[in-house]
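One structure is given below, encoded as structure tokens.
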Amino acid sequence: MIAEYFYKGLLIGFLFGVPAGAIGALTIGRTLDKGFTAGFLTGMGSSAADLIYSCVGVFGITVVSNLLSAGQNILQIIGGILILLLGVGVLCKKKAAAVQKESKGTLFFCFLSAFTMALVNPATVLSFMAAFAAFGIGGGLDAGQGTVLIIGIFTGTLCWWLVLSGITAHFRDKVTGKIYRWLNCILGCLMIGFGIFMAVQGLRNGL
């Protein structure tokens with residue numbers, strides 16, 4: 001049944017989103033700082049990048065795969081620097097902003113920055129390949145099965161970001177200034193650590 005591929009994709013997308021690392025930390029930080037919409041759009045940016053990589057994984061787009069493979073080290077360095085800078089920004093936050101309607105520009109930046117962070121991590125496609133193998137999804141999928149699988153993955157990742165942003169937003173008003181500063185310190189340090197690790201890996205592999 002073709003619906004089976006949707007449910008498998010849904011589960012892969014949700015489970016794949018849970019250990020989201022730097023994107024997860026950024027989503028939590030932005031939800032605390034700017035509210036649910038900013039946090040969810042941050043996660044949605046990551047989902048959009050995952051959508052591209054899942055297409056590569058499912059349909060085996062050779063040209064894109066070759067380009068990603070050739071530029072993997074450079075992408076890792078760029079992505080690491082970007083994550084590091086965003087981590088520094090989170091670390092420097094002193095207090096949460098008042099809940100207010102965010103401008104379209106601010107919300108678009110939330111989406112675009114997370115999309116870029118996820119896109120410059122070519123290892124993502126390898127994670128999808130491993131997930132496909134774990135769920136018994138081999139090659140030879142037809143266009144319909146592949147499309148349904150991709151839709152399921154995208155929906156699953158969105159569900160995770162919805163849950164994460166929703167839970168964080170629910171407790172946002174209960175977070176005191178002191179707790180907020182500690183959370184920013186932890187999240188910022190995590191992102192800086194991810195960024196340094198990613199950039200160093202890119203430099204080492206490029207030597």
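Ordering of the structure tokens sets the chain letters (A, B, ...); residue numbers start at 1 within each chain; ligands are numbered from 1 in the order shown.
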Practice item. With a distance cut-off of 9 Å and only C-alpha atoms, select the neighbouring residues of Phe36 (chain A), excluding the residue or stretch itself and same-chain residues fewer than 3 positions from it, and output the selection as a list in words. Key: Arg30, Thr31, Leu32, Gly39, Phe40, Leu41, Leu162, Ser165, Gly166, Thr168, Ala169 and His170 of chain A
Can you check which parts of region 130-161 of chain A lie within 6 Å of region 6-18 of chain A? Per residue, the shortest pair of atoms and distance in Å to one decimal, counting only C-alpha atoms, sorted by chain and number, as a tab-separated table.
residue	atom	partner	partner_atom	distance
A:Val148	CA	A:Phe6	CA	5.3
A:Leu149	CA	A:Gly9	CA	4.9
A:Gly152	CA	A:Gly9	CA	4.2
A:Ile153	CA	A:Gly13	CA	4.2
A:Gly156	CA	A:Gly13	CA	4.2
A:Thr157	CA	A:Gly13	CA	4.5
A:Trp160	CA	A:Phe14	CA	5.4
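Omitting Leu85 (chain A) and its sequence neighbours fewer than 6 positions away, and counting only C-alpha atoms, the residues within 10 Å are Gly79, Leu91, Gly188, Met191, Ile192 and Gly195 of chain A.
When only C-alpha atoms are used to compute distances to Phe132 (chain A), the closest of the residues A:Asp33, A:Ala48, A:Ser54, A:Ile186 turns out to be A:Ser54.
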Revision key, fill the gap. From the list A:Gly136, A:Gly144, A:Gly45, A:Gly29, the nearest residue to Phe59 (chain A) using only C-alpha atoms is A:Gly144
Point to revise | Atomic separation - CA of Leu183 (chain A) relative to CA of Phe115 (chain A), Å | key: 23.2 Å
Exercise for review: Compile the contact shell of Gly80 (chain A) as an MDAnalysis selection string: residues with an atom at most 8 Å away, counting only C-alpha atoms, same-chain residues fewer than 3 positions apart removed.
Suggested key: chainID A and resid 76:77 83:84 194:199
Could you please take those selected residues and save all heavy atoms as a PDB file, in the first residue's frame?
ATOM      1  N   GLN A  76      30.668  22.490   5.324  1.00  0.00           N
ATOM      2  CA  GLN A  76      30.792  22.262   6.765  1.00  0.00           C
ATOM      3  C   GLN A  76      31.433  23.455   7.458  1.00  0.00           C
ATOM      4  O   GLN A  76      31.003  23.853   8.544  1.00  0.00           O
ATOM      5  CB  GLN A  76      31.631  21.007   7.025  1.00  0.00           C
ATOM      6  CG  GLN A  76      30.865  19.708   6.870  1.00  0.00           C
ATOM      7  CD  GLN A  76      31.690  18.521   7.325  1.00  0.00           C
ATOM      8  OE1 GLN A  76      32.884  18.427   7.030  1.00  0.00           O
ATOM      9  NE2 GLN A  76      31.075  17.617   8.043  1.00  0.00           N
ATOM     10  N   ILE A  77      32.444  24.034   6.843  1.00  0.00           N
ATOM     11  CA  ILE A  77      33.116  25.193   7.436  1.00  0.00           C
ATOM     12  C   ILE A  77      32.161  26.381   7.505  1.00  0.00           C
ATOM     13  O   ILE A  77      32.047  27.047   8.540  1.00  0.00           O
ATOM     14  CB  ILE A  77      34.371  25.557   6.619  1.00  0.00           C
ATOM     15  CG1 ILE A  77      35.412  24.429   6.710  1.00  0.00           C
ATOM     16  CG2 ILE A  77      34.983  26.866   7.123  1.00  0.00           C
ATOM     17  CD1 ILE A  77      36.568  24.574   5.744  1.00  0.00           C
ATOM     18  N   ILE A  83      26.641  28.666  12.573  1.00  0.00           N
ATOM     19  CA  ILE A  83      26.101  28.174  13.842  1.00  0.00           C
ATOM     20  C   ILE A  83      26.815  28.842  15.018  1.00  0.00           C
ATOM     21  O   ILE A  83      26.197  29.229  16.013  1.00  0.00           O
ATOM     22  CB  ILE A  83      26.235  26.641  13.924  1.00  0.00           C
ATOM     23  CG1 ILE A  83      25.335  25.976  12.881  1.00  0.00           C
ATOM     24  CG2 ILE A  83      25.863  26.138  15.320  1.00  0.00           C
ATOM     25  CD1 ILE A  83      25.556  24.481  12.748  1.00  0.00           C
ATOM     26  N   LEU A  84      28.136  28.989  14.901  1.00  0.00           N
ATOM     27  CA  LEU A  84      28.915  29.629  15.959  1.00  0.00           C
ATOM     28  C   LEU A  84      28.442  31.068  16.193  1.00  0.00           C
ATOM     29  O   LEU A  84      28.246  31.488  17.345  1.00  0.00           O
ATOM     30  CB  LEU A  84      30.394  29.601  15.588  1.00  0.00           C
ATOM     31  CG  LEU A  84      31.415  29.973  16.669  1.00  0.00           C
ATOM     32  CD1 LEU A  84      32.756  29.304  16.394  1.00  0.00           C
ATOM     33  CD2 LEU A  84      31.625  31.489  16.751  1.00  0.00           C
ATOM     34  N   PHE A 194      28.706  23.026  18.709  1.00  0.00           N
ATOM     35  CA  PHE A 194      28.350  22.397  17.436  1.00  0.00           C
ATOM     36  C   PHE A 194      29.065  23.089  16.279  1.00  0.00           C
ATOM     37  O   PHE A 194      29.579  22.445  15.370  1.00  0.00           O
ATOM     38  CB  PHE A 194      26.837  22.473  17.205  1.00  0.00           C
ATOM     39  CG  PHE A 194      26.048  21.461  17.984  1.00  0.00           C
ATOM     40  CD1 PHE A 194      24.997  21.869  18.796  1.00  0.00           C
ATOM     41  CD2 PHE A 194      26.326  20.110  17.908  1.00  0.00           C
ATOM     42  CE1 PHE A 194      24.257  20.947  19.519  1.00  0.00           C
ATOM     43  CE2 PHE A 194      25.598  19.184  18.627  1.00  0.00           C
ATOM     44  CZ  PHE A 194      24.556  19.607  19.440  1.00  0.00           C
ATOM     45  N   GLY A 195      29.073  24.418  16.313  1.00  0.00           N
ATOM     46  CA  GLY A 195      29.678  25.192  15.237  1.00  0.00           C
ATOM     47  C   GLY A 195      31.168  24.935  15.120  1.00  0.00           C
ATOM     48  O   GLY A 195      31.686  24.723  14.017  1.00  0.00           O
ATOM     49  N   ILE A 196      31.873  24.956  16.249  1.00  0.00           N
ATOM     50  CA  ILE A 196      33.316  24.709  16.243  1.00  0.00           C
ATOM     51  C   ILE A 196      33.621  23.297  15.747  1.00  0.00           C
ATOM     52  O   ILE A 196      34.510  23.085  14.911  1.00  0.00           O
ATOM     53  CB  ILE A 196      33.911  24.921  17.651  1.00  0.00           C
ATOM     54  CG1 ILE A 196      33.824  26.406  18.042  1.00  0.00           C
ATOM     55  CG2 ILE A 196      35.355  24.427  17.712  1.00  0.00           C
ATOM     56  CD1 ILE A 196      34.242  26.679  19.474  1.00  0.00           C
ATOM     57  N   PHE A 197      32.862  22.322  16.255  1.00  0.00           N
ATOM     58  CA  PHE A 197      33.074  20.931  15.847  1.00  0.00           C
ATOM     59  C   PHE A 197      32.870  20.774  14.344  1.00  0.00           C
ATOM     60  O   PHE A 197      33.685  20.132  13.657  1.00  0.00           O
ATOM     61  CB  PHE A 197      32.110  20.012  16.602  1.00  0.00           C
ATOM     62  CG  PHE A 197      32.173  18.572  16.164  1.00  0.00           C
ATOM     63  CD1 PHE A 197      33.207  17.765  16.617  1.00  0.00           C
ATOM     64  CD2 PHE A 197      31.212  18.056  15.300  1.00  0.00           C
ATOM     65  CE1 PHE A 197      33.275  16.421  16.197  1.00  0.00           C
ATOM     66  CE2 PHE A 197      31.284  16.725  14.887  1.00  0.00           C
ATOM     67  CZ  PHE A 197      32.308  15.909  15.348  1.00  0.00           C
ATOM     68  N   MET A 198      31.801  21.357  13.829  1.00  0.00           N
ATOM     69  CA  MET A 198      31.486  21.245  12.407  1.00  0.00           C
ATOM     70  C   MET A 198      32.554  21.910  11.536  1.00  0.00           C
ATOM     71  O   MET A 198      32.998  21.355  10.528  1.00  0.00           O
ATOM     72  CB  MET A 198      30.115  21.885  12.136  1.00  0.00           C
ATOM     73  CG  MET A 198      29.519  21.590  10.781  1.00  0.00           C
ATOM     74  SD  MET A 198      27.799  22.174  10.714  1.00  0.00           S
ATOM     75  CE  MET A 198      27.436  21.868   8.981  1.00  0.00           C
ATOM     76  N   ALA A 199      32.988  23.108  11.937  1.00  0.00           N
ATOM     77  CA  ALA A 199      34.001  23.827  11.156  1.00  0.00           C
ATOM     78  C   ALA A 199      35.349  23.094  11.202  1.00  0.00           C
ATOM     79  O   ALA A 199      36.041  22.986  10.178  1.00  0.00           O
ATOM     80  CB  ALA A 199      34.164  25.247  11.695  1.00  0.00           C
TER      81      ALA A 199
END
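CA of Gly89 (chain A) is positioned 10.3 Å from CA of Cys185 (chain A).
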Practice item. Record the distance separating CA of Asn121 (chain A) and CA of Trp182 (chain A), expressed in Å with one decimal. Key: 28.0 Å
Check your understanding: Closest to Val58 (chain A) among A:Gln201, A:Thr147, A:Asn184, A:Thr37, using only C-alpha atoms?
Key ->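 Checking each candidate against Val58 (chain A), we get A:Thr147 as the closest.
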**Study point:** Proximity to Phe154 (chain A) - best of A:Leu51, A:Ile74, A:Val175, A:Leu141, only C-alpha atoms
**Key:**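 Among the listed residues, the smallest separation from Phe154 (chain A) belongs to A:Leu51.
The shell of residues at most 12 Å from Thr116 (chain A), with only C-alpha atoms counted and near chain neighbours (fewer than 4 positions) removed, consists of Ile23, Thr42, Gly43, Met44, Gly45, Ser46, Ser47, Ala48, Ala49, Asp50, Ile52, Leu75, Gln76, Ile78, Gly79, Gly80, Ile81, Leu82, Ile83, Leu86, Phe109, Cys110, Phe111, Leu112, Val120, Asn121 and Pro122 of chain A.
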